[in-house]
>>> print(open('data07.cif').read())   # mmCIF, C-alpha atoms and all ligand atoms
data_model
#
loop_
_atom_site.label_atom_id
_atom_site.label_comp_id
_atom_site.auth_asym_id
_atom_site.auth_seq_id
_atom_site.Cartn_x
_atom_site.Cartn_y
_atom_site.Cartn_z
CA MET W 1 -85.53 36.23 1.83
CA ASP W 2 -83.50 37.70 -1.02
CA HIS W 3 -83.96 38.95 -4.57
CA PHE W 4 -81.53 36.60 -6.35
CA THR W 5 -83.99 34.34 -8.14
CA TYR W 6 -84.40 32.37 -11.37
CA ARG W 7 -86.66 33.68 -14.11
CA ASP W 8 -87.08 31.55 -17.22
CA GLY W 9 -84.19 29.40 -16.03
CA GLN W 10 -81.79 32.33 -15.71
CA LEU W 11 -80.53 33.74 -12.44
CA HIS W 12 -81.39 37.41 -11.88
CA ALA W 13 -80.44 40.02 -9.33
CA GLU W 14 -83.81 41.74 -8.83
CA ASP W 15 -84.82 42.42 -12.49
CA VAL W 16 -81.31 42.26 -13.95
CA PRO W 17 -80.00 39.05 -15.54
CA MET W 18 -76.65 38.10 -13.99
CA ALA W 19 -75.30 37.61 -17.49
CA ALA W 20 -75.86 41.31 -18.24
CA ILE W 21 -73.67 42.29 -15.29
CA ALA W 22 -70.96 39.81 -16.30
CA GLU W 23 -71.06 41.25 -19.80
CA ALA W 24 -70.75 44.86 -18.63
CA VAL W 25 -68.37 44.53 -15.68
CA GLY W 26 -66.64 41.18 -16.11
CA THR W 27 -66.07 38.56 -13.42
CA PRO W 28 -65.46 37.94 -10.60
CA VAL W 29 -67.79 40.61 -9.21
CA TYR W 30 -69.83 41.06 -6.05
CA ILE W 31 -73.47 41.92 -6.63
CA TYR W 32 -75.71 43.51 -3.98
CA SER W 33 -79.46 43.87 -4.10
CA ARG W 34 -80.81 47.13 -2.76
CA ALA W 35 -84.30 45.67 -2.19
CA THR W 36 -82.80 42.82 -0.15
CA LEU W 37 -80.72 45.20 1.96
CA GLU W 38 -83.77 47.33 2.67
CA ARG W 39 -85.87 44.32 3.52
CA HIS W 40 -83.29 42.98 5.96
CA ALA W 41 -82.96 46.39 7.62
CA GLN W 42 -86.72 46.61 8.00
CA VAL W 43 -87.08 43.07 9.36
CA PHE W 44 -84.40 43.84 11.95
CA LYS W 45 -86.02 47.13 12.93
CA SER W 46 -89.45 45.60 13.28
CA ALA W 47 -88.02 42.81 15.45
CA LEU W 48 -87.01 45.54 17.92
CA ALA W 49 -90.24 47.51 17.68
CA GLY W 50 -91.48 46.29 21.07
CA LEU W 51 -88.45 47.70 22.91
CA PRO W 52 -88.72 51.18 24.44
CA ARG W 53 -85.48 52.87 23.29
CA THR W 54 -83.13 51.42 20.68
CA HIS W 55 -80.29 52.43 18.38
CA VAL W 56 -79.04 50.25 15.53
CA ALA W 57 -75.40 50.67 14.50
CA PHE W 58 -74.59 48.55 11.46
CA ALA W 59 -71.23 46.78 11.92
CA ILE W 60 -69.46 48.36 8.98
CA LYS W 61 -66.75 45.71 8.98
CA ALA W 62 -69.27 43.31 7.43
CA ASN W 63 -69.64 45.51 4.36
CA PRO W 64 -68.17 49.02 4.22
CA ASN W 65 -69.14 49.83 0.63
CA LEU W 66 -70.40 53.42 0.50
CA ALA W 67 -73.51 52.58 -1.53
CA VAL W 68 -74.43 49.84 0.95
CA LEU W 69 -73.92 52.27 3.85
CA LYS W 70 -76.05 54.86 2.05
CA VAL W 71 -78.96 52.42 1.78
CA LEU W 72 -78.67 51.58 5.48
CA ALA W 73 -78.27 55.23 6.52
CA ARG W 74 -81.58 55.91 4.79
CA GLN W 75 -83.12 53.20 6.94
CA GLY W 76 -82.00 55.15 10.00
CA PHE W 77 -79.02 52.96 10.84
CA GLY W 78 -75.90 54.36 12.42
CA ALA W 79 -72.56 52.58 12.32
CA ASP W 80 -70.44 50.40 14.55
CA VAL W 81 -66.85 51.13 13.52
CA VAL W 82 -63.45 49.75 14.51
CA SER W 83 -60.99 52.13 12.84
CA GLY W 84 -60.51 55.70 11.72
CA GLY W 85 -61.08 54.48 8.18
CA GLU W 86 -64.49 53.11 9.10
CA ILE W 87 -65.41 56.41 10.79
CA ALA W 88 -64.49 58.22 7.56
CA ARG W 89 -66.66 55.82 5.55
CA ALA W 90 -69.67 56.19 7.85
CA LEU W 91 -69.44 59.97 7.59
CA ALA W 92 -68.87 59.83 3.82
CA ALA W 93 -72.06 57.77 3.52
CA GLY W 94 -74.00 60.51 5.30
CA MET W 95 -74.33 58.87 8.70
CA ARG W 96 -74.45 61.31 11.59
CA ALA W 97 -71.40 61.35 13.89
CA GLU W 98 -73.61 60.96 16.96
CA ASP W 99 -75.01 57.72 15.50
CA ILE W 100 -71.54 56.15 15.36
CA VAL W 101 -70.28 53.68 17.95
CA PHE W 102 -66.50 53.19 18.10
CA SER W 103 -65.59 49.60 19.07
CA GLY W 104 -62.23 47.92 18.69
CA VAL W 105 -59.58 46.48 20.96
CA GLY W 106 -56.71 48.59 19.62
CA LYS W 107 -57.86 52.14 18.96
CA THR W 108 -54.80 54.35 18.58
CA ARG W 109 -54.55 57.73 20.26
CA ALA W 110 -54.77 59.35 16.83
CA GLU W 111 -57.99 57.46 16.12
CA LEU W 112 -59.46 58.44 19.51
CA GLN W 113 -58.60 62.08 18.78
CA TYR W 114 -60.15 61.91 15.30
CA ALA W 115 -63.31 60.38 16.76
CA LEU W 116 -63.48 63.18 19.36
CA ASP W 117 -62.90 65.82 16.69
CA VAL W 118 -65.80 64.60 14.56
CA GLY W 119 -67.99 64.08 17.64
CA ILE W 120 -68.91 60.40 17.47
CA GLY W 121 -71.70 59.21 19.74
CA GLN W 122 -70.16 56.42 21.78
CA PHE W 123 -66.77 54.93 22.59
CA ASN W 124 -66.80 51.26 23.61
CA LEU W 125 -63.86 51.01 25.99
CA GLU W 126 -61.85 47.80 25.91
CA LEU W 127 -59.59 48.43 28.91
CA GLU W 128 -59.24 50.82 31.82
CA GLU W 129 -56.20 52.61 30.41
CA GLU W 130 -58.06 53.42 27.21
CA GLY W 131 -60.70 55.19 29.33
CA ALA W 132 -58.08 57.24 31.13
CA VAL W 133 -56.38 58.25 27.86
CA LEU W 134 -59.72 59.11 26.23
CA ALA W 135 -60.70 61.24 29.25
CA GLN W 136 -57.40 63.16 29.00
CA LEU W 137 -57.71 63.71 25.25
CA ALA W 138 -61.32 64.85 25.59
CA ALA W 139 -60.65 67.18 28.52
CA ALA W 140 -57.72 68.72 26.64
CA CYS W 141 -60.04 69.81 23.85
CA GLY W 142 -62.89 70.81 26.13
CA LYS W 143 -65.14 67.86 25.29
CA THR W 144 -66.83 65.05 27.19
CA ALA W 145 -66.60 61.63 25.58
CA SER W 146 -69.65 59.45 25.89
CA ALA W 147 -68.49 55.92 26.68
CA VAL W 148 -69.52 52.44 27.74
CA LEU W 149 -67.28 49.67 29.08
CA ARG W 150 -67.11 46.44 27.09
CA VAL W 151 -67.28 43.47 29.40
CA ASN W 152 -66.35 39.90 28.63
CA PRO W 153 -69.11 37.72 30.09
CA ASP W 154 -67.13 34.46 29.67
CA VAL W 155 -69.79 32.67 27.64
CA ASP W 156 -69.15 30.17 24.88
CA ALA W 157 -71.05 31.44 21.85
CA GLY W 158 -70.85 28.02 20.21
CA THR W 159 -69.48 29.38 16.93
CA HIS W 160 -66.21 28.98 15.00
CA ALA W 161 -63.23 29.61 17.33
CA LYS W 162 -61.86 32.38 15.09
CA ILE W 163 -65.05 34.44 15.40
CA SER W 164 -65.83 33.74 19.05
CA THR W 165 -65.21 36.79 21.26
CA GLY W 166 -66.92 36.32 24.63
CA LYS W 167 -64.76 33.69 26.34
CA SER W 168 -62.43 34.88 29.10
CA GLU W 169 -59.35 33.88 27.07
CA ASN W 170 -60.42 36.07 24.10
CA LYS W 171 -58.77 39.45 23.71
CA PHE W 172 -62.01 41.44 23.96
CA GLY W 173 -63.51 43.40 26.85
CA VAL W 174 -62.67 43.37 30.55
CA PRO W 175 -63.58 40.50 32.87
CA ILE W 176 -67.09 41.22 34.08
CA SER W 177 -65.84 40.89 37.67
CA ASP W 178 -63.46 43.86 37.12
CA ALA W 179 -66.19 46.20 35.87
CA MET W 180 -67.20 47.63 39.27
CA GLY W 181 -63.64 48.65 40.10
CA ILE W 182 -63.03 50.18 36.67
CA PHE W 183 -66.28 52.17 36.88
CA ALA W 184 -65.29 53.44 40.33
CA ARG W 185 -61.92 54.65 39.02
CA LEU W 186 -63.01 56.07 35.65
CA SER W 187 -66.40 57.56 36.33
CA GLY W 188 -65.18 60.63 38.17
CA LEU W 189 -62.73 61.67 35.44
CA PRO W 190 -63.29 65.00 33.72
CA GLY W 191 -63.74 64.50 29.97
CA LEU W 192 -65.50 61.14 30.32
CA ASN W 193 -69.17 60.25 30.69
CA LEU W 194 -69.09 56.52 31.43
CA ARG W 195 -72.75 55.66 31.06
CA GLY W 196 -73.14 51.98 30.35
CA VAL W 197 -71.79 48.61 29.31
CA ALA W 198 -71.30 46.72 26.06
CA LEU W 199 -70.75 43.13 25.03
CA HIS W 200 -70.38 41.07 21.87
CA ILE W 201 -69.81 37.35 22.26
CA GLY W 202 -69.27 36.23 18.69
CA SER W 203 -70.53 36.04 15.15
CA GLN W 204 -72.70 33.63 13.12
CA LEU W 205 -74.57 32.51 16.26
CA PHE W 206 -77.13 29.78 15.75
CA ASP W 207 -78.32 29.53 19.31
CA LEU W 208 -79.88 32.34 21.35
CA ALA W 209 -79.13 30.67 24.70
CA PRO W 210 -75.51 31.90 25.06
CA LEU W 211 -76.64 35.41 24.11
CA GLU W 212 -79.44 35.29 26.66
CA ALA W 213 -77.04 34.05 29.35
CA ALA W 214 -74.58 36.85 28.53
CA TYR W 215 -77.31 39.50 28.51
CA ALA W 216 -78.59 38.27 31.88
CA ARG W 217 -75.09 38.68 33.35
CA VAL W 218 -74.94 42.21 32.02
CA GLY W 219 -78.39 42.93 33.51
CA ALA W 220 -77.10 41.87 36.93
CA LEU W 221 -74.03 44.10 36.46
CA VAL W 222 -76.20 47.10 35.57
CA ALA W 223 -78.17 46.61 38.82
CA GLU W 224 -74.91 46.39 40.80
CA LEU W 225 -73.50 49.51 39.14
CA ARG W 226 -76.67 51.46 39.89
CA ALA W 227 -76.63 50.29 43.50
CA ALA W 228 -73.11 51.75 43.72
CA GLY W 229 -74.47 55.09 42.52
CA HIS W 230 -73.53 55.01 38.82
CA VAL W 231 -75.94 56.43 36.27
CA ILE W 232 -76.43 53.79 33.58
CA ASP W 233 -78.54 54.73 30.58
CA ARG W 234 -77.08 52.57 27.77
CA VAL W 235 -76.38 48.91 27.15
CA ASP W 236 -74.82 47.83 23.87
CA LEU W 237 -75.85 44.26 23.08
CA GLY W 238 -73.46 43.82 20.11
CA GLY W 239 -74.23 41.79 17.00
CA GLY W 240 -73.76 38.17 16.07
CA LEU W 241 -77.02 36.79 14.69
CA GLY W 242 -76.31 34.01 12.19
CA VAL W 243 -77.53 33.61 8.62
CA PRO W 244 -78.44 30.44 6.66
CA TYR W 245 -75.40 29.69 4.51
CA GLU W 246 -76.84 26.19 4.06
CA ARG W 247 -80.51 26.32 3.25
CA ASP W 248 -81.53 23.48 5.52
CA LYS W 249 -79.79 25.02 8.54
CA VAL W 250 -81.96 27.90 9.68
CA PRO W 251 -80.78 30.28 12.43
CA PRO W 252 -83.08 32.05 14.89
CA SER W 253 -84.94 34.87 13.14
CA PRO W 254 -84.55 38.53 14.05
CA ALA W 255 -88.08 38.27 15.51
CA ASP W 256 -87.01 35.37 17.80
CA TYR W 257 -84.01 37.45 18.79
CA GLY W 258 -86.15 40.55 19.47
CA ALA W 259 -88.52 38.52 21.66
CA MET W 260 -85.58 37.14 23.66
CA VAL W 261 -84.14 40.64 24.12
CA GLU W 262 -87.53 41.94 25.26
CA ARG W 263 -87.78 39.18 27.85
CA VAL W 264 -84.27 39.47 29.25
CA THR W 265 -84.01 43.28 29.29
CA GLN W 266 -87.41 43.88 30.89
CA GLY W 267 -87.16 46.81 33.32
CA TRP W 268 -83.56 47.76 32.44
CA ASP W 269 -84.65 51.31 31.57
CA VAL W 270 -81.75 52.02 29.19
CA THR W 271 -81.27 52.73 25.50
CA LEU W 272 -80.39 49.40 23.94
CA MET W 273 -77.74 49.56 21.23
CA PHE W 274 -77.40 46.87 18.55
CA GLU W 275 -74.49 46.16 16.20
CA PRO W 276 -75.78 43.73 13.55
CA GLY W 277 -73.56 43.06 10.56
CA ARG W 278 -73.96 39.72 8.80
CA VAL W 279 -77.72 39.40 9.32
CA ILE W 280 -78.28 42.66 7.42
CA VAL W 281 -75.94 42.18 4.46
CA GLY W 282 -75.06 38.47 4.24
CA ASN W 283 -77.86 37.36 1.95
CA ALA W 284 -78.03 40.70 0.17
CA GLY W 285 -74.90 39.88 -1.82
CA VAL W 286 -73.53 37.17 -4.12
CA LEU W 287 -70.19 36.68 -5.82
CA LEU W 288 -70.59 36.14 -9.56
CA THR W 289 -67.85 34.07 -11.15
CA ARG W 290 -67.06 32.34 -14.44
CA VAL W 291 -65.89 28.78 -14.85
CA ILE W 292 -62.41 28.73 -16.40
CA TRP W 293 -61.92 24.97 -16.69
CA VAL W 294 -63.48 21.76 -15.60
CA LYS W 295 -60.35 19.81 -14.82
CA PRO W 296 -60.55 16.04 -14.52
CA GLY W 297 -59.46 14.94 -11.03
CA VAL W 298 -58.40 11.60 -9.64
CA LEU W 299 -61.57 11.20 -7.59
CA ARG W 300 -63.81 13.96 -8.96
CA PRO W 301 -63.54 16.84 -11.36
CA TYR W 302 -62.27 20.21 -10.21
CA VAL W 303 -64.41 23.15 -11.29
CA ILE W 304 -61.84 25.96 -11.53
CA VAL W 305 -63.58 29.33 -11.30
CA ASP W 306 -62.18 32.83 -11.80
CA ALA W 307 -62.98 33.84 -8.20
CA ALA W 308 -60.42 32.82 -5.60
CA MET W 309 -59.58 32.96 -1.91
CA ASN W 310 -58.34 36.52 -2.38
CA ASP W 311 -61.87 37.54 -3.48
CA LEU W 312 -63.83 35.47 -0.93
CA ALA W 313 -61.60 34.44 1.96
CA ARG W 314 -64.20 32.81 4.21
CA PRO W 315 -63.92 29.20 2.98
CA ALA W 316 -60.11 29.29 3.28
CA MET W 317 -60.16 31.06 6.65
CA TYR W 318 -63.09 29.45 8.45
CA ASP W 319 -63.94 26.42 6.31
CA ALA W 320 -67.09 28.38 5.54
CA TYR W 321 -69.82 27.01 3.29
CA HIS W 322 -71.16 29.15 0.43
CA ASP W 323 -73.84 27.77 -1.88
CA PHE W 324 -72.70 27.46 -5.51
CA GLU W 325 -75.32 27.74 -8.26
CA ALA W 326 -75.12 27.96 -12.03
CA VAL W 327 -76.63 31.09 -13.60
CA ASN W 328 -78.21 28.92 -16.33
CA PRO W 329 -78.60 25.49 -14.74
CA SER W 330 -79.10 22.63 -17.18
CA GLY W 331 -80.87 20.48 -14.60
CA THR W 332 -78.02 17.98 -14.46
CA ARG W 333 -76.19 17.62 -11.13
CA VAL W 334 -72.67 16.35 -10.52
CA VAL W 335 -70.39 15.83 -7.56
CA ALA W 336 -67.30 18.00 -7.93
CA ASN W 337 -64.69 20.08 -6.16
CA ILE W 338 -64.72 23.86 -6.64
CA ALA W 339 -61.48 25.82 -6.51
CA GLY W 340 -59.97 29.11 -7.57
CA PRO W 341 -56.78 29.92 -9.53
CA VAL W 342 -54.61 30.91 -6.54
CA CYS W 343 -51.57 28.74 -6.01
CA GLU W 344 -52.56 27.25 -2.67
CA THR W 345 -54.51 24.13 -1.85
CA GLY W 346 -56.45 26.31 0.62
CA ASP W 347 -57.94 28.12 -2.37
CA THR W 348 -60.78 25.63 -2.44
CA PHE W 349 -64.43 26.56 -2.06
CA ALA W 350 -65.85 23.05 -1.74
CA MET W 351 -64.80 19.41 -1.91
CA GLY W 352 -67.08 16.63 -3.06
CA ARG W 353 -70.13 18.85 -3.29
CA GLU W 354 -73.21 18.08 -5.37
CA ILE W 355 -73.62 21.06 -7.69
CA ASP W 356 -75.18 22.12 -10.98
CA ALA W 357 -73.15 20.62 -13.83
CA VAL W 358 -71.14 23.44 -15.39
CA GLN W 359 -68.77 23.81 -18.29
CA SER W 360 -65.91 26.08 -19.18
CA GLY W 361 -67.30 29.59 -19.80
CA ASP W 362 -70.45 29.15 -17.68
CA LEU W 363 -71.43 31.70 -15.05
CA ALA W 364 -72.16 30.75 -11.46
CA ILE W 365 -72.59 32.41 -8.08
CA PHE W 366 -71.50 31.91 -4.52
CA ARG W 367 -74.42 32.90 -2.35
CA THR W 368 -74.55 34.72 0.98
CA ALA W 369 -71.42 36.67 0.15
CA GLY W 370 -72.61 40.17 1.11
CA ALA W 371 -71.02 40.01 4.58
CA TYR W 372 -67.27 39.68 5.10
CA GLY W 373 -66.83 39.16 1.36
CA ALA W 374 -65.47 42.07 -0.67
CA THR W 375 -64.24 43.77 2.48
CA MET W 376 -61.86 40.89 3.21
CA ALA W 377 -60.60 40.71 -0.37
CA SER W 378 -56.93 41.13 -1.17
CA THR W 379 -54.75 41.23 -4.26
CA TYR W 380 -52.81 38.05 -3.43
CA ASN W 381 -51.16 36.47 -6.48
CA SER W 382 -51.28 39.97 -8.04
CA ARG W 383 -54.92 39.53 -8.86
CA ALA W 384 -57.18 42.54 -9.31
CA LEU W 385 -59.15 43.80 -6.32
CA VAL W 386 -62.67 42.51 -6.94
CA PRO W 387 -65.32 45.08 -8.00
CA GLU W 388 -68.81 45.52 -6.54
CA VAL W 389 -72.13 46.25 -8.24
CA MET W 390 -75.46 47.30 -6.75
CA VAL W 391 -78.74 46.40 -8.41
CA ASP W 392 -81.93 48.37 -7.93
CA GLY W 393 -84.92 47.01 -9.86
CA ASP W 394 -83.92 46.91 -13.51
CA LYS W 395 -80.83 49.09 -13.15
CA PHE W 396 -77.37 48.46 -11.79
CA ALA W 397 -74.22 50.45 -11.11
CA VAL W 398 -70.60 49.70 -10.33
CA VAL W 399 -70.24 50.80 -6.69
CA ALA W 400 -66.57 49.78 -6.35
CA GLU W 401 -64.27 49.54 -9.32
CA ARG W 402 -62.02 46.64 -10.14
CA VAL W 403 -58.55 47.80 -9.05
CA LEU W 404 -56.17 46.45 -11.65
CA PRO W 405 -52.64 45.18 -11.00
CA GLU W 406 -51.32 48.12 -13.07
CA THR W 407 -52.78 50.53 -10.49
CA LEU W 408 -51.18 48.60 -7.65
CA ILE W 409 -47.84 48.46 -9.46
CA ALA W 410 -47.99 52.22 -9.97
CA ALA W 411 -48.27 52.70 -6.19
CA GLU W 412 -45.00 50.81 -5.60
CA HIS W 413 -41.54 52.33 -5.85
CA VAL W 414 -38.14 50.90 -6.59
CA PRO W 415 -35.60 53.04 -4.67
CA ASP W 416 -32.88 54.80 -6.64
CA TRP W 417 -30.25 52.56 -5.07
CA LEU W 418 -31.82 49.55 -6.72
CA LYS W 419 -32.16 51.07 -10.16
N1 LIG G 501 -69.90 44.17 17.03
C1 LIG G 501 -68.63 43.81 17.28
C2 LIG G 501 -67.93 44.41 18.41
C3 LIG G 501 -67.99 42.86 16.45
O1 LIG G 501 -66.74 42.49 16.71
C4 LIG G 501 -68.70 42.30 15.36
C5 LIG G 501 -68.07 41.34 14.46
C6 LIG G 501 -70.02 42.73 15.13
C7 LIG G 501 -70.59 43.66 16.00
C8 LIG G 501 -70.86 42.22 13.99
O2 LIG G 501 -71.10 40.85 14.11
P1 LIG G 501 -72.13 40.13 13.12
O3 LIG G 501 -73.51 40.65 13.42
O4 LIG G 501 -71.73 40.44 11.74
O5 LIG G 501 -71.98 38.70 13.46
N2 LIG G 501 -64.90 37.71 9.24
C9 LIG G 501 -65.73 36.80 10.01
C10 LIG G 501 -66.62 37.53 10.98
C11 LIG G 501 -65.88 38.42 11.95
C12 LIG G 501 -66.80 39.14 12.90
C13 LIG G 501 -66.06 40.13 13.74
N3 LIG G 501 -66.86 40.93 14.61
C14 LIG G 501 -66.53 35.94 9.04
O6 LIG G 501 -66.39 36.09 7.83
O7 LIG G 501 -67.30 35.08 9.48
#
>>> encode(input="data07.cif", output="structure tokens")
Amino acid sequence: MDHFTYRDGQLHAEDVPMAAIAEAVGTPVYIYSRATLERHAQVFKSALAGLPRTHVAFAIKANPNLAVLKVLARQGFGADVVSGGEIARALAAGMRAEDIVFSGVGKTRAELQYALDVGIGQFNLELEEEGAVLAQLAAACGKTASAVLRVNPDVDAGTHAKISTGKSENKFGVPISDAMGIFARLSGLPGLNLRGVALHIGSQLFDLAPLEAAYARVGALVAELRAAGHVIDRVDLGGGLGVPYERDKVPPSPADYGAMVERVTQGWDVTLMFEPGRVIVGNAGVLLTRVIWVKPGVLRPYVIVDAAMNDLARPAMYDAYHDFEAVNPSGTRVVANIAGPVCETGDTFAMGREIDAVQSGDLAIFRTAGAYGATMASTYNSRALVPEVMVDGDKFAVVAERVLPETLIAAEHVPDWLK
């Protein structure tokens, strides 16, 4: 459920007409609803209410905007981060260092040191050598790093290949069969408290079965590790729950997910960590755009909008579907293609889609754009970096400014020898 609804035939974000935001901020612009964010956070938390000990670390990569993080921090969420920059954001948003989980397959030594310095709560190790280096760095500054080992359970998550992470050929985690040996070698090291395991098999999952199979494998590993004398008090179950980009395709609910987790983790006696991203923010954001032209095409018209693949990369990268709706629909529907102004055929949001009939100058939105939207934006074609707005009831604020080409040009330098 979200708070982007029509009132008197006009699309609103909570109580604010979309047109008012377009007027004040211009387009394209991402718009987030605070009430929707809070609702999603609460639905997720209540889905886990039956579990004994839990910690939710929002996967910041899905939406790192400080205002978004602030809303989630107030809901008690920590952060799952994958870079020094994301650690800085989580802290800037007021999240506590001990509530931060540091994932990522290529953490640099400088990033590990920074994470130790600020005292983050958990390192998710991706390879044995990383554990040894972390132990050394921690011991050298008189600290003990709290860590878990990410295992690759070799399960097909059944999602798009580019966002699948739990097959043995993927770059993430260590083969589950290597975990015992790695624990044996790392667990005695001064500076390291290796206390559990982590996994994440992919994103936009529509089926709980692969998750359940992966969790069951991890449960068996935990029993084996304990039998070998290791103290295991944490298991990080990752993220991955899908969202309904297409309204008639409904993913498992957080409640279904929570019930599955309860069943499969019965008796584990650990703190369960969760790293949801998309399911929290996906439907809490839309991308507002203005139609530039309706260009006659050979087969169908092209609706050329002022948002492009640099603002919302998902359709170009993953053939992703995002609903397109007019802000003031006339009731007439047409079949059209939707594309942006970037000079690539890949800058196409939809082909042959039935949509609200729109004209040059009309406003429209792409829905379900709160996750992996603004954060994946670029300035390709020397376009501005897209701004972000948050709505709260009848008020709204710019929470990320439009970065203009002039600003980007000012950060570039022509060396003297070219002048
Ligand atoms: N934890 C780890 C270790 C991850 O790698 C990810 C996402 C998450 C949690 C959060 O997953 P979520 O709950 O959001 O599915 N840009 C792509 C998605 C990439 C996901 C990468 N990892 C897209 O736009 O679909």
>>> closest_atom_pairs(input="data07.cif", of="chain W", to="ligand LIG 501 (chain G)", cutoff="9 Å", atoms="only C-alpha atoms and all ligand atoms", output="tab-separated table")
residue	atom	partner	partner_atom	distance
W:Ala57	CA	G:LIG501	C7	8.6
W:Phe58	CA	G:LIG501	C8	7.8
W:Ala59	CA	G:LIG501	C8	5.0
W:Ile60	CA	G:LIG501	C8	8.0
W:Lys61	CA	G:LIG501	C5	7.1
W:Ala62	CA	G:LIG501	O4	5.7
W:Asp80	CA	G:LIG501	N1	6.7
W:Val81	CA	G:LIG501	N1	8.4
W:Val82	CA	G:LIG501	C2	8.0
W:Phe102	CA	G:LIG501	C2	8.9
W:Ser103	CA	G:LIG501	C2	5.7
W:Gly104	CA	G:LIG501	C2	6.7
W:Val105	CA	G:LIG501	C2	9.0
W:Asn124	CA	G:LIG501	C2	8.7
W:Arg150	CA	G:LIG501	C2	9.0
W:His160	CA	G:LIG501	O7	8.3
W:Lys162	CA	G:LIG501	C9	7.8
W:Ile163	CA	G:LIG501	C11	5.3
W:Ser164	CA	G:LIG501	C12	8.2
W:Thr165	CA	G:LIG501	O1	7.5
W:Phe172	CA	G:LIG501	C2	8.6
W:Ala198	CA	G:LIG501	C2	8.7
W:Leu199	CA	G:LIG501	C2	7.3
W:His200	CA	G:LIG501	C2	5.4
W:Ile201	CA	G:LIG501	O1	8.2
W:Gly202	CA	G:LIG501	O5	6.4
W:Ser203	CA	G:LIG501	O5	3.5
W:Gln204	CA	G:LIG501	O5	5.1
W:Leu205	CA	G:LIG501	O5	7.3
W:Leu237	CA	G:LIG501	N1	8.5
W:Gly238	CA	G:LIG501	N1	4.7
W:Gly239	CA	G:LIG501	O3	3.8
W:Gly240	CA	G:LIG501	O5	3.2
W:Leu241	CA	G:LIG501	O3	5.4
W:Gly242	CA	G:LIG501	O5	6.5
W:Val243	CA	G:LIG501	O5	9.0
W:Phe274	CA	G:LIG501	C7	7.9
W:Glu275	CA	G:LIG501	C7	4.6
W:Pro276	CA	G:LIG501	O3	3.8
W:Gly277	CA	G:LIG501	O4	3.4
W:Arg278	CA	G:LIG501	O4	3.8
W:Val279	CA	G:LIG501	O3	6.0
W:Ile280	CA	G:LIG501	O3	7.9
W:Val281	CA	G:LIG501	O4	8.6
W:Gly282	CA	G:LIG501	O4	8.4
W:Ala313	CA	G:LIG501	O6	7.8
W:Arg314	CA	G:LIG501	O6	5.4
W:Pro315	CA	G:LIG501	O6	8.8
W:Met317	CA	G:LIG501	O6	8.1
W:Tyr318	CA	G:LIG501	O7	7.1
W:Ala320	CA	G:LIG501	O7	7.8
W:Ala371	CA	G:LIG501	O6	6.9
W:Tyr372	CA	G:LIG501	O6	4.6
W:Gly373	CA	G:LIG501	O6	7.2
W:Met376	CA	G:LIG501	N2	7.5
>>> atom_distance(input="data07.cif", atom1="CA of Met260 (chain W)", atom2="CA of Ala97 (chain W)")
29.7 Å
>>> residues_around(input="data07.cif", residues="Tyr321 (chain W)", least_positions_apart="6", cutoff="12 Å", atoms="only C-alpha atoms", output="list in words")
Val243, Pro244, Tyr245, Glu246, Arg247, Lys249, Leu312, Ala313, Arg314, Pro315, Ile338, Thr348, Phe349, Ala350, Met351, Arg353, Phe366, Arg367, Thr368 and Ala369 of chain W
>>> atom_distance(input="data07.cif", atom1="CA of Asp156 (chain W)", atom2="CA of Leu186 (chain W)")
28.7 Å
>>> closest_residue(input="data07.cif", among="W:Ala220, W:Val334, W:Leu48, W:Ile21", to="Ala255 (chain W)", atoms="all atoms listed in the file")
W:Leu48
>>> closest_residue(input="data07.cif", among="W:Ser46, W:Thr407, W:Gln266, W:Thr289", to="Glu325 (chain W)", atoms="all atoms listed in the file")
W:Thr289
>>> atom_distance(input="data07.cif", atom1="CA of Asp233 (chain W)", atom2="CA of Asp269 (chain W)")
7.1 Å
>>> residues_around(input="data07.cif", residues="His3 (chain W)", least_positions_apart="3", cutoff="12 Å", atoms="only C-alpha atoms", output="PyMOL selection string")
chain W and resi 6-7+11-18+31-40+283-286+367-368+391-394
>>> closest_residue(input="data07.cif", among="W:Gly166, W:Gly121, W:Gly50, W:Gly191", to="Leu134 (chain W)", atoms="all atoms listed in the file")
W:Gly191
>>> residues_near_point(input="data07.cif", point="(-58.4, 49.2, 22.0)", cutoff="8 Å", atoms="all atoms listed in the file", output="list in words")
Ser103, Gly104, Val105, Gly106, Lys107, Thr108, Leu125, Glu126, Leu127 and Glu130 of chain W
>>> closest_residue(input="data07.cif", among="W:Leu225, W:Ile292, W:Ile365, W:Leu69", to="Ala93 (chain W)", atoms="all atoms listed in the file")
W:Leu69
>>> closest_residue(input="data07.cif", among="W:Thr54, W:Gln10, W:Thr27, W:Ser187", to="Val389 (chain W)", atoms="only C-alpha atoms")
W:Thr27
>>> closest_residue(input="data07.cif", among="W:Gly352, W:Gly119, W:Gly196, W:Pro329", to="Ala147 (chain W)", atoms="all atoms listed in the file")
W:Gly196
